[in-house]
>>> print(open('my_file.txt').read())   # compact mmCIF, C-alpha atoms and all ligand atoms
# COMPACT_ATOMS: atom_id res chain seq x y z
CA MET A 1 11.37 -65.58 -27.69
CA THR A 2 11.95 -67.09 -24.24
CA LYS A 3 8.79 -67.94 -22.33
CA ASN A 4 8.07 -66.77 -18.78
CA THR A 5 10.25 -68.76 -16.39
CA ALA A 6 8.18 -68.14 -13.23
CA PRO A 7 7.18 -71.35 -11.40
CA GLN A 8 3.74 -72.49 -12.49
CA LYS A 9 1.52 -75.55 -12.22
CA ARG A 10 2.39 -77.76 -15.17
CA THR A 11 0.45 -80.57 -16.72
CA ASN A 12 2.25 -83.87 -16.64
CA PRO A 13 2.56 -84.92 -20.30
CA ARG A 14 1.90 -88.54 -19.27
CA GLN A 15 -1.47 -87.64 -17.69
CA LYS A 16 -4.13 -89.12 -19.99
CA PRO A 17 -7.68 -87.80 -19.55
CA GLY A 18 -9.69 -90.10 -17.29
CA PHE A 19 -6.61 -92.09 -16.20
CA ASN A 20 -5.84 -91.56 -12.53
CA VAL A 21 -2.04 -91.34 -12.49
CA ARG A 22 -0.12 -89.81 -9.59
CA GLU A 23 2.53 -87.13 -9.63
CA CYS A 24 6.09 -88.22 -8.87
CA SER A 25 8.38 -85.90 -6.92
CA VAL A 26 12.12 -86.08 -6.21
CA ALA A 27 12.22 -86.13 -2.40
CA GLY A 28 16.01 -86.22 -2.03
CA VAL A 29 19.33 -86.74 -3.79
CA GLY A 30 22.78 -87.89 -2.70
CA SER A 31 26.09 -89.01 -4.12
CA TYR A 32 29.31 -90.69 -3.09
CA LEU A 33 32.78 -90.60 -4.65
CA PRO A 34 35.63 -92.80 -3.44
CA GLU A 35 38.49 -90.93 -1.75
CA ARG A 36 41.32 -92.01 -4.05
CA VAL A 37 42.01 -89.43 -6.77
CA LEU A 38 43.81 -90.62 -9.92
CA THR A 39 45.30 -87.65 -11.78
CA ASN A 40 46.32 -87.31 -15.42
CA ALA A 41 49.92 -86.97 -14.22
CA GLU A 42 49.69 -90.43 -12.61
CA LEU A 43 48.22 -91.89 -15.82
CA GLU A 44 51.24 -90.53 -17.71
CA LYS A 45 53.28 -93.06 -15.72
CA ILE A 46 50.95 -95.99 -16.57
CA VAL A 47 50.32 -95.57 -20.32
CA GLU A 48 51.75 -93.43 -23.13
CA THR A 49 49.59 -90.36 -22.68
CA SER A 50 49.84 -86.77 -21.46
CA ASP A 51 47.83 -84.39 -19.32
CA ASP A 52 47.69 -82.14 -22.37
CA TRP A 53 46.15 -84.84 -24.61
CA ILE A 54 43.59 -85.95 -22.02
CA THR A 55 42.61 -82.38 -21.12
CA SER A 56 42.30 -81.12 -24.69
CA ARG A 57 40.46 -84.21 -26.04
CA THR A 58 38.19 -84.90 -23.06
CA GLY A 59 38.28 -82.11 -20.44
CA ILE A 60 39.06 -84.70 -17.76
CA LYS A 61 41.75 -83.78 -15.19
CA GLU A 62 41.22 -86.50 -12.58
CA ARG A 63 38.88 -89.34 -11.62
CA ARG A 64 38.05 -91.31 -8.44
CA ILE A 65 39.03 -94.93 -7.97
CA ALA A 66 37.36 -97.21 -5.41
CA ALA A 67 39.49 -99.15 -2.94
CA VAL A 68 40.17 -102.83 -3.66
CA ASN A 69 37.65 -103.89 -1.00
CA GLU A 70 35.10 -101.20 -1.89
CA TYR A 71 32.47 -102.53 -4.28
CA THR A 72 29.69 -101.02 -6.38
CA SER A 73 27.13 -101.87 -3.68
CA ASP A 74 29.24 -99.95 -1.12
CA LEU A 75 29.35 -96.84 -3.32
CA ALA A 76 25.60 -97.22 -3.98
CA ALA A 77 24.74 -97.67 -0.30
CA GLN A 78 26.70 -94.53 0.65
CA ALA A 79 24.91 -92.48 -2.02
CA ALA A 80 21.57 -93.94 -0.87
CA GLN A 81 22.21 -92.98 2.78
CA ARG A 82 22.96 -89.42 1.71
CA ALA A 83 19.79 -89.25 -0.41
CA LEU A 84 17.76 -90.55 2.56
CA GLU A 85 19.29 -87.88 4.83
CA ASN A 86 18.60 -85.22 2.20
CA ALA A 87 14.95 -86.37 2.01
CA GLY A 88 14.63 -86.63 5.81
CA MET A 89 13.60 -90.25 5.47
CA THR A 90 14.63 -93.63 6.86
CA ALA A 91 15.39 -96.82 4.92
CA ASP A 92 12.26 -98.60 6.19
CA GLN A 93 10.15 -96.12 4.20
CA ILE A 94 11.51 -97.40 0.86
CA ASP A 95 9.19 -99.66 -1.16
CA LEU A 96 11.47 -100.34 -4.13
CA ILE A 97 15.20 -100.08 -4.89
CA ILE A 98 16.43 -99.94 -8.49
CA VAL A 99 20.17 -99.94 -9.14
CA ALA A 100 21.45 -99.08 -12.62
CA THR A 101 24.94 -100.47 -13.17
CA ILE A 102 27.21 -102.29 -15.63
CA THR A 103 29.63 -103.20 -12.84
CA PRO A 104 27.53 -105.20 -10.36
CA ASP A 105 29.36 -106.75 -7.39
CA MET A 106 28.51 -110.13 -8.94
CA LEU A 107 26.41 -111.24 -11.91
CA PHE A 108 23.88 -112.30 -9.30
CA PRO A 109 22.44 -111.62 -6.79
CA SER A 110 21.58 -108.12 -7.90
CA THR A 111 23.51 -105.16 -6.51
CA ALA A 112 20.13 -103.69 -5.47
CA CYS A 113 19.58 -106.65 -3.10
CA LEU A 114 23.05 -106.08 -1.61
CA VAL A 115 22.21 -102.39 -1.14
CA GLN A 116 18.90 -103.33 0.49
CA GLN A 117 20.82 -105.34 3.07
CA LYS A 118 23.50 -102.67 3.58
CA ILE A 119 21.07 -99.80 4.26
CA GLY A 120 18.49 -101.95 6.09
CA ALA A 121 15.57 -101.31 3.73
CA LYS A 122 13.81 -104.44 4.93
CA ARG A 123 10.41 -103.73 3.33
CA ALA A 124 11.79 -102.96 -0.13
CA VAL A 125 11.68 -104.96 -3.34
CA ALA A 126 15.06 -104.69 -5.10
CA PHE A 127 16.38 -105.28 -8.60
CA ASP A 128 19.02 -104.03 -11.06
CA ILE A 129 18.65 -102.64 -14.54
CA GLU A 130 21.36 -102.37 -17.18
CA ALA A 131 21.34 -99.61 -19.75
CA ALA A 132 25.02 -98.64 -19.42
CA CYS A 133 25.57 -94.88 -19.14
CA SER A 134 21.84 -94.28 -19.74
CA GLY A 135 20.88 -96.46 -16.77
CA PHE A 136 19.94 -93.73 -14.32
CA ILE A 137 17.31 -92.22 -16.60
CA PHE A 138 15.97 -95.65 -17.57
CA ALA A 139 15.67 -96.41 -13.83
CA LEU A 140 13.94 -93.08 -13.20
CA GLU A 141 11.39 -93.91 -15.89
CA ILE A 142 10.71 -97.34 -14.34
CA ALA A 143 10.38 -95.79 -10.88
CA GLN A 144 8.05 -93.12 -12.21
CA GLN A 145 5.80 -95.73 -13.78
CA PHE A 146 5.51 -97.64 -10.48
CA VAL A 147 4.67 -94.45 -8.60
CA MET A 148 2.21 -93.12 -11.17
CA SER A 149 0.38 -96.46 -11.31
CA HIS A 150 -0.04 -96.55 -7.48
CA THR A 151 2.12 -99.71 -7.22
CA TYR A 152 4.77 -98.18 -4.91
CA ASP A 153 4.90 -94.86 -3.02
CA THR A 154 8.64 -94.45 -2.45
CA VAL A 155 11.39 -95.61 -4.81
CA LEU A 156 15.15 -95.36 -4.32
CA VAL A 157 16.90 -95.02 -7.70
CA ILE A 158 20.69 -95.41 -7.81
CA GLY A 159 23.29 -95.19 -10.55
CA ALA A 160 26.53 -96.79 -9.31
CA GLU A 161 29.72 -97.99 -10.95
CA LYS A 162 33.13 -99.38 -10.13
CA LEU A 163 34.35 -98.99 -13.71
CA SER A 164 37.97 -99.31 -12.58
CA SER A 165 37.22 -103.05 -12.24
CA ILE A 166 36.56 -103.43 -16.01
CA ILE A 167 39.14 -100.96 -17.35
CA ASP A 168 42.13 -102.25 -19.29
CA TRP A 169 44.89 -100.25 -17.64
CA THR A 170 47.16 -100.94 -20.64
CA ASP A 171 44.73 -99.36 -23.16
CA ARG A 172 45.28 -95.60 -23.37
CA ASN A 173 42.20 -95.24 -25.60
CA THR A 174 39.89 -96.05 -22.68
CA CYS A 175 41.71 -96.03 -19.33
CA VAL A 176 41.96 -92.23 -19.17
CA LEU A 177 38.20 -91.74 -19.59
CA PHE A 178 36.42 -93.48 -16.73
CA GLY A 179 36.01 -93.28 -12.96
CA ASP A 180 34.07 -94.76 -10.04
CA GLY A 181 31.15 -93.27 -8.10
CA ALA A 182 27.45 -93.40 -7.26
CA GLY A 183 24.45 -91.09 -7.22
CA ALA A 184 20.96 -91.64 -5.85
CA ALA A 185 17.52 -90.06 -5.92
CA ILE A 186 14.36 -90.86 -3.96
CA LEU A 187 11.13 -90.62 -5.93
CA GLN A 188 7.90 -90.27 -4.05
CA ALA A 189 4.20 -90.01 -4.81
CA LYS A 190 3.07 -86.46 -4.38
CA SER A 191 -0.33 -84.86 -4.51
CA GLY A 192 -0.24 -81.49 -6.25
CA GLY A 193 2.86 -79.88 -7.76
CA HIS A 194 5.35 -81.75 -9.86
CA GLY A 195 8.71 -83.39 -9.70
CA LEU A 196 9.61 -85.61 -12.58
CA LEU A 197 7.77 -84.09 -15.55
CA THR A 198 8.84 -86.53 -18.24
CA THR A 199 11.44 -89.12 -19.16
CA CYS A 200 12.17 -90.42 -22.64
CA MET A 201 14.38 -93.30 -23.71
CA GLY A 202 15.79 -94.76 -26.91
CA SER A 203 17.81 -97.80 -28.00
CA ASP A 204 19.62 -99.11 -31.10
CA GLY A 205 20.81 -102.69 -30.67
CA SER A 206 22.41 -102.77 -34.13
CA LYS A 207 25.39 -100.80 -32.74
CA GLY A 208 26.05 -102.90 -29.65
CA GLU A 209 29.63 -103.77 -30.60
CA MET A 210 30.63 -100.10 -30.56
CA LEU A 211 30.95 -100.10 -26.77
CA CYS A 212 30.94 -103.41 -24.93
CA MET A 213 32.66 -105.88 -22.62
CA PRO A 214 32.93 -109.04 -24.76
CA ALA A 215 33.45 -111.74 -22.11
CA GLY A 216 31.90 -112.81 -18.82
CA GLY A 217 28.40 -113.49 -20.14
CA SER A 218 26.84 -116.57 -21.77
CA ARG A 219 28.43 -115.80 -25.15
CA CYS A 220 31.96 -115.94 -23.82
CA PRO A 221 32.11 -117.28 -20.26
CA ALA A 222 35.30 -116.69 -18.30
CA SER A 223 38.11 -119.00 -19.38
CA VAL A 224 41.89 -118.96 -19.42
CA ASP A 225 41.67 -117.87 -23.08
CA SER A 226 39.17 -115.08 -22.45
CA VAL A 227 41.36 -113.66 -19.69
CA ALA A 228 44.54 -113.98 -21.78
CA SER A 229 42.79 -112.21 -24.67
CA ARG A 230 41.77 -109.34 -22.35
CA LEU A 231 38.12 -109.83 -23.20
CA HIS A 232 36.89 -108.95 -19.68
CA TYR A 233 37.59 -105.29 -20.22
CA LEU A 234 35.51 -102.46 -21.66
CA ARG A 235 36.12 -101.83 -25.37
CA MET A 236 35.04 -98.76 -27.29
CA ASP A 237 35.19 -97.32 -30.79
CA GLY A 238 35.64 -93.78 -29.47
CA LYS A 239 35.09 -91.84 -32.70
CA GLU A 240 31.83 -93.61 -33.64
CA THR A 241 30.58 -93.43 -30.06
CA PHE A 242 31.28 -89.70 -30.04
CA LYS A 243 29.24 -89.06 -33.20
CA ASN A 244 26.32 -91.17 -32.07
CA ALA A 245 26.37 -89.58 -28.60
CA VAL A 246 25.99 -86.02 -29.86
CA ASN A 247 23.12 -86.83 -32.22
CA ALA A 248 21.21 -89.09 -29.82
CA MET A 249 21.57 -86.76 -26.82
CA LEU A 250 20.41 -83.82 -28.88
CA SER A 251 17.28 -85.56 -30.15
CA ALA A 252 16.43 -87.02 -26.71
CA ALA A 253 16.70 -83.56 -25.13
CA GLN A 254 14.57 -81.99 -27.84
CA GLU A 255 11.93 -84.72 -27.44
CA ALA A 256 11.78 -84.23 -23.65
CA LEU A 257 11.39 -80.45 -24.05
CA ARG A 258 8.72 -80.90 -26.73
CA ARG A 259 6.70 -83.26 -24.52
CA CYS A 260 6.69 -80.68 -21.72
CA ASN A 261 6.05 -77.77 -24.09
CA LEU A 262 9.24 -76.09 -22.90
CA GLU A 263 11.99 -74.12 -24.59
CA ILE A 264 15.66 -74.45 -23.67
CA GLY A 265 15.68 -70.89 -22.25
CA GLN A 266 13.26 -72.03 -19.53
CA ILE A 267 15.66 -74.70 -18.25
CA LYS A 268 17.74 -73.51 -15.29
CA CYS A 269 20.25 -76.35 -15.40
CA VAL A 270 21.13 -78.73 -18.24
CA ILE A 271 22.92 -81.84 -16.94
CA PRO A 272 24.36 -83.92 -19.81
CA HIS A 273 26.10 -87.27 -19.36
CA GLN A 274 29.65 -86.39 -18.32
CA ALA A 275 31.68 -88.40 -20.87
CA ASN A 276 33.65 -85.78 -22.75
CA LEU A 277 33.65 -81.97 -22.59
CA ARG A 278 33.54 -81.78 -26.39
CA ILE A 279 30.32 -83.84 -26.40
CA VAL A 280 28.83 -81.70 -23.63
CA ASP A 281 29.73 -78.50 -25.51
CA ALA A 282 28.40 -79.79 -28.84
CA VAL A 283 25.08 -80.87 -27.31
CA GLY A 284 24.74 -77.61 -25.35
CA ASP A 285 25.50 -75.49 -28.45
CA ARG A 286 23.09 -77.35 -30.70
CA LEU A 287 20.35 -77.14 -28.07
CA GLY A 288 20.90 -73.39 -27.91
CA ALA A 289 21.82 -73.51 -24.20
CA LYS A 290 23.99 -70.77 -22.72
CA PRO A 291 27.26 -72.02 -21.16
CA GLU A 292 26.03 -70.93 -17.69
CA GLN A 293 23.01 -73.25 -18.02
CA VAL A 294 25.16 -76.36 -18.54
CA PHE A 295 26.48 -78.24 -15.49
CA ILE A 296 29.93 -79.81 -15.81
CA ASN A 297 31.88 -81.88 -13.28
CA LEU A 298 33.64 -84.34 -15.63
CA HIS A 299 37.01 -82.65 -14.99
CA LYS A 300 36.84 -84.09 -11.44
CA TYR A 301 35.31 -87.52 -12.01
CA GLY A 302 35.60 -88.53 -15.68
CA ASN A 303 32.86 -90.74 -17.08
CA THR A 304 31.12 -92.63 -14.27
CA SER A 305 28.56 -94.26 -16.60
CA ALA A 306 25.18 -94.84 -14.86
CA ALA A 307 26.29 -92.70 -11.90
CA SER A 308 27.23 -89.69 -14.05
CA VAL A 309 24.08 -87.54 -14.18
CA ALA A 310 22.98 -88.73 -10.72
CA ILE A 311 26.20 -87.40 -9.15
CA ALA A 312 25.94 -84.21 -11.21
CA LEU A 313 22.32 -83.62 -10.15
CA ASP A 314 23.26 -83.96 -6.48
CA GLU A 315 26.20 -81.58 -6.88
CA ALA A 316 24.12 -79.04 -8.82
CA VAL A 317 21.57 -79.00 -5.99
CA ARG A 318 24.21 -78.74 -3.25
CA GLU A 319 26.00 -75.93 -5.11
CA GLY A 320 22.75 -73.96 -5.39
CA ARG A 321 22.69 -74.26 -9.18
CA VAL A 322 19.19 -75.77 -8.82
CA GLU A 323 16.61 -74.36 -6.43
CA ARG A 324 12.98 -75.17 -5.70
CA GLY A 325 10.81 -74.52 -8.75
CA ASP A 326 13.73 -74.60 -11.21
CA LEU A 327 13.54 -76.81 -14.28
CA VAL A 328 16.35 -79.33 -14.81
CA LEU A 329 17.08 -81.26 -18.01
CA LEU A 330 19.07 -84.51 -17.72
CA ILE A 331 20.48 -86.04 -20.93
CA VAL A 332 22.22 -89.43 -21.24
CA PHE A 333 23.85 -91.70 -23.79
CA GLY A 334 25.55 -95.08 -23.49
CA ALA A 335 26.26 -98.58 -24.71
CA GLY A 336 23.45 -100.55 -26.28
CA LEU A 337 23.24 -98.07 -27.83
CA THR A 338 20.92 -96.36 -25.39
CA TRP A 339 19.98 -92.73 -24.77
CA GLY A 340 17.41 -90.65 -22.96
CA ALA A 341 16.43 -87.41 -21.28
CA ALA A 342 14.35 -86.29 -18.32
CA VAL A 343 12.83 -83.01 -17.20
CA ILE A 344 12.48 -82.38 -13.47
CA GLU A 345 10.69 -79.46 -11.84
CA TRP A 346 12.76 -79.15 -8.68
O1 LIG B 1 29.80 -93.21 -21.93
C1 LIG B 1 29.49 -93.53 -23.25
C2 LIG B 1 29.83 -92.43 -24.06
N1 LIG B 1 31.26 -92.35 -24.28
C3 LIG B 1 31.65 -91.46 -25.11
O2 LIG B 1 30.83 -90.76 -25.59
C4 LIG B 1 33.10 -91.36 -25.48
C5 LIG B 1 33.15 -90.93 -26.90
N2 LIG B 1 34.46 -90.75 -27.49
C6 LIG B 1 35.37 -89.84 -27.07
O3 LIG B 1 35.19 -89.19 -26.07
C7 LIG B 1 36.57 -89.61 -27.93
O4 LIG B 1 36.39 -90.25 -29.17
C8 LIG B 1 37.90 -90.10 -27.32
C9 LIG B 1 38.26 -89.18 -26.16
C10 LIG B 1 37.75 -91.52 -26.82
C11 LIG B 1 39.01 -90.03 -28.33
O5 LIG B 1 39.15 -88.71 -28.85
P1 LIG B 1 39.37 -88.49 -30.41
O6 LIG B 1 39.58 -87.05 -30.62
O7 LIG B 1 38.19 -89.12 -31.09
O8 LIG B 1 40.72 -89.23 -30.66
P2 LIG B 1 41.00 -90.41 -31.71
O9 LIG B 1 40.28 -91.64 -31.32
O10 LIG B 1 40.79 -89.86 -33.06
O11 LIG B 1 42.52 -90.64 -31.50
C12 LIG B 1 43.45 -89.71 -31.98
C13 LIG B 1 44.83 -90.20 -31.65
C14 LIG B 1 45.10 -91.65 -32.03
O12 LIG B 1 46.40 -91.72 -32.52
P3 LIG B 1 46.66 -91.93 -34.09
O13 LIG B 1 45.99 -93.21 -34.45
O14 LIG B 1 46.02 -90.74 -34.75
O15 LIG B 1 48.15 -91.94 -34.19
C15 LIG B 1 45.05 -92.38 -30.71
O16 LIG B 1 45.86 -93.51 -30.70
O17 LIG B 1 45.04 -90.09 -30.24
C16 LIG B 1 45.57 -91.34 -29.78
N3 LIG B 1 45.16 -91.53 -28.41
C17 LIG B 1 45.85 -91.05 -27.36
N4 LIG B 1 46.98 -90.33 -27.28
C18 LIG B 1 47.40 -89.98 -26.06
C19 LIG B 1 44.06 -92.19 -27.96
N5 LIG B 1 44.03 -92.14 -26.63
C20 LIG B 1 45.12 -91.46 -26.23
C21 LIG B 1 45.64 -91.06 -24.99
N6 LIG B 1 46.77 -90.34 -24.95
N7 LIG B 1 45.02 -91.39 -23.83
>>> encode(input="my_file.txt", output="structure tokens", more="lines below")
Ligand code: UT7
Amino acid sequence: MTKNTAPQKRTNPRQKPGFNVRECSVAGVGSYLPERVLTNAELEKIVETSDDWITSRTGIKERRIAAVNEYTSDLAAQAAQRALENAGMTADQIDLIIVATITPDMLFPSTACLVQQKIGAKRAVAFDIEAACSGFIFALEIAQQFVMSHTYDTVLVIGAEKLSSIIDWTDRNTCVLFGDGAGAAILQAKSGGHGLLTTCMGSDGSKGEMLCMPAGGSRCPASVDSVASRLHYLRMDGKETFKNAVNAMLSAAQEALRRCNLEIGQIKCVIPHQANLRIVDAVGDRLGAKPEQVFINLHKYGNTSAASVAIALDEAVREGRVERGDLVLLIVFGAGLTWGAAVIEW
């Protein structure tokens, strides 16, 4: 039986008796997609594929591609500005910036530091985290810990990717799947009421080769050979990734609901990582979610990795799919392997 869905004061599952943690609210969200749209029809001219294959196997119809001189930090800064506007805040109020990305502008300095400069968040501390497509939820968890422990009051969390820069445009197995974009959320200490109810994360390093970019790090620094061997591009065992994604996303979502003592019927909007419509459908079905509960925008943007659920959350709010008091469930999965889920009371 579905429980009463009326807004109510919830107990934060992280609140330990006698430990003075603070609540963490989501003060604003924003997203940014580059203007250039790359359609399936255009991909038909680049690799041996078809709109029919891409649509039936993935649900993706088009994706956005950043301009040559538009970098991950630019996408991130645009999303951040929109989140600040949405929150009615200015950049000088931000204490901490965390950017989740696998496509930083450079290996160092961090993209977060570049964003700090671009938006003028002079007071902020800034750093990147890398958990591939799970990065936004991992960053939310880190931000939540800083807020709950009274270390920082206001944290800007961004998931941003220019995946087009690491796509092998001769590999039809991967080039049809990904796109560029950024999403941001501002977390803030809040007395009374709730925002971020829980986050949970998981990792399995034994399956790292399943989805990776082999070169460019200390194991295989850039060389003439590494470039000739196309090792600076994303590689994926699609079938294995698919299987692992469904199972891991399902168990992360169930764990997040269990921690908050919630049933799926109480969730207004389920926002899964937007990698493949078949994965989204399988996770939704197994969770027992109704189709109208599940938010989907992958047909427009493809898989934007760490930006995926951040963009979707912003769109769900702007489209009125999520209103004050509603419960939202975010679910992610990515390279590492990594996975996670979060419950937000909006
Ligand atoms: O963000 C991290 C999470 N990412 C994911 O979760 C992605 C997970 N994986 C997937 O979404 C799917 O596995 C894919 C969409 C990547 C592939 O779908 P599939 O149904 O698993 O296809 P497949 O790998 O079994 O390939 C079937 C056939 C192959 O041909 P053969 O070997 O059977 O002759 C592929 O070569 O489809 C072929 N194929 C294509 N054909 C036309 C692969 N890519 C394409 C393409 N166009 N773009």
>>> axis_aligned_box(input="my_file.txt", around="ligand LIG 1 (chain B)", padding_each_side="3 Å", output="lines of an AutoDock Vina configuration file")
center_x = 38.8
center_y = -90.3
center_z = -28.3
size_x = 24.7
size_y = 12.5
size_z = 18.8
>>> residues_near_ligand(input="my_file.txt", ligand="ligand LIG 1 (chain B)", cutoff="6 Å", atoms="only C-alpha atoms and all ligand atoms", output="PyMOL selection string")
chain A and resi 49-50+53-54+57-58+133+172-173+176+238-239+241-242+245+275-276+305+333-334
>>> residues_around(input="my_file.txt", residues="region 145-162 of chain A", least_positions_apart="6", cutoff="7 Å", atoms="all atoms listed in the file", output="MDAnalysis selection string")
chainID A and resid 21:24 66 71:72 75:76 94:103 135:136 139 180:189 304:307 310
>>> closest_residue(input="my_file.txt", among="A:His299, A:Val328, A:Lys118, A:Ala112", to="Glu130 (chain A)", atoms="all atoms listed in the file")
A:Ala112
>>> residues_around(input="my_file.txt", residues="region 286-296 of chain A", least_positions_apart="4", cutoff="10 Å", atoms="only C-alpha atoms", output="VMD selection string")
chain A and resid 59 246 to 247 249 to 251 253 to 254 263 to 274 276 to 277 280 to 282 300 309 312 to 313 315 to 316 321 328 to 330
>>> write_last_selection(input="my_file.txt", atoms="C-alpha atoms", output="JSON list (two decimals), in the frame of the given file")
[["chain", "number", "residue", "atom", "x", "y", "z"],
["A", 59, "GLY", "CA", 38.28, -82.11, -20.44],
["A", 246, "VAL", "CA", 25.99, -86.02, -29.86],
["A", 247, "ASN", "CA", 23.12, -86.83, -32.22],
["A", 249, "MET", "CA", 21.57, -86.76, -26.82],
["A", 250, "LEU", "CA", 20.41, -83.82, -28.88],
["A", 251, "SER", "CA", 17.28, -85.56, -30.15],
["A", 253, "ALA", "CA", 16.70, -83.56, -25.13],
["A", 254, "GLN", "CA", 14.57, -81.99, -27.84],
["A", 263, "GLU", "CA", 11.99, -74.12, -24.59],
["A", 264, "ILE", "CA", 15.66, -74.45, -23.67],
["A", 265, "GLY", "CA", 15.68, -70.89, -22.25],
["A", 266, "GLN", "CA", 13.26, -72.03, -19.53],
["A", 267, "ILE", "CA", 15.66, -74.70, -18.25],
["A", 268, "LYS", "CA", 17.74, -73.51, -15.29],
["A", 269, "CYS", "CA", 20.25, -76.35, -15.40],
["A", 270, "VAL", "CA", 21.13, -78.73, -18.24],
["A", 271, "ILE", "CA", 22.92, -81.84, -16.94],
["A", 272, "PRO", "CA", 24.36, -83.92, -19.81],
["A", 273, "HIS", "CA", 26.10, -87.27, -19.36],
["A", 274, "GLN", "CA", 29.65, -86.39, -18.32],
["A", 276, "ASN", "CA", 33.65, -85.78, -22.75],
["A", 277, "LEU", "CA", 33.65, -81.97, -22.59],
["A", 280, "VAL", "CA", 28.83, -81.70, -23.63],
["A", 281, "ASP", "CA", 29.73, -78.50, -25.51],
["A", 282, "ALA", "CA", 28.40, -79.79, -28.84],
["A", 300, "LYS", "CA", 36.84, -84.09, -11.44],
["A", 309, "VAL", "CA", 24.08, -87.54, -14.18],
["A", 312, "ALA", "CA", 25.94, -84.21, -11.21],
["A", 313, "LEU", "CA", 22.32, -83.62, -10.15],
["A", 315, "GLU", "CA", 26.20, -81.58, -6.88],
["A", 316, "ALA", "CA", 24.12, -79.04, -8.82],
["A", 321, "ARG", "CA", 22.69, -74.26, -9.18],
["A", 328, "VAL", "CA", 16.35, -79.33, -14.81],
["A", 329, "LEU", "CA", 17.08, -81.26, -18.01],
["A", 330, "LEU", "CA", 19.07, -84.51, -17.72]]
>>> closest_residue(input="my_file.txt", among="A:Gly336, A:Pro34, A:Gly217, A:Gly28", to="Glu70 (chain A)", atoms="all atoms listed in the file")
A:Pro34
>>> closest_residue(input="my_file.txt", among="A:Ser226, A:Thr90, A:Gln116, A:Ser164", to="Leu177 (chain A)", atoms="all atoms listed in the file")
A:Ser164
>>> closest_residue(input="my_file.txt", among="A:Pro104, A:Asn86, A:Gly179, A:Gly202", to="Leu298 (chain A)", atoms="only C-alpha atoms")
A:Gly179
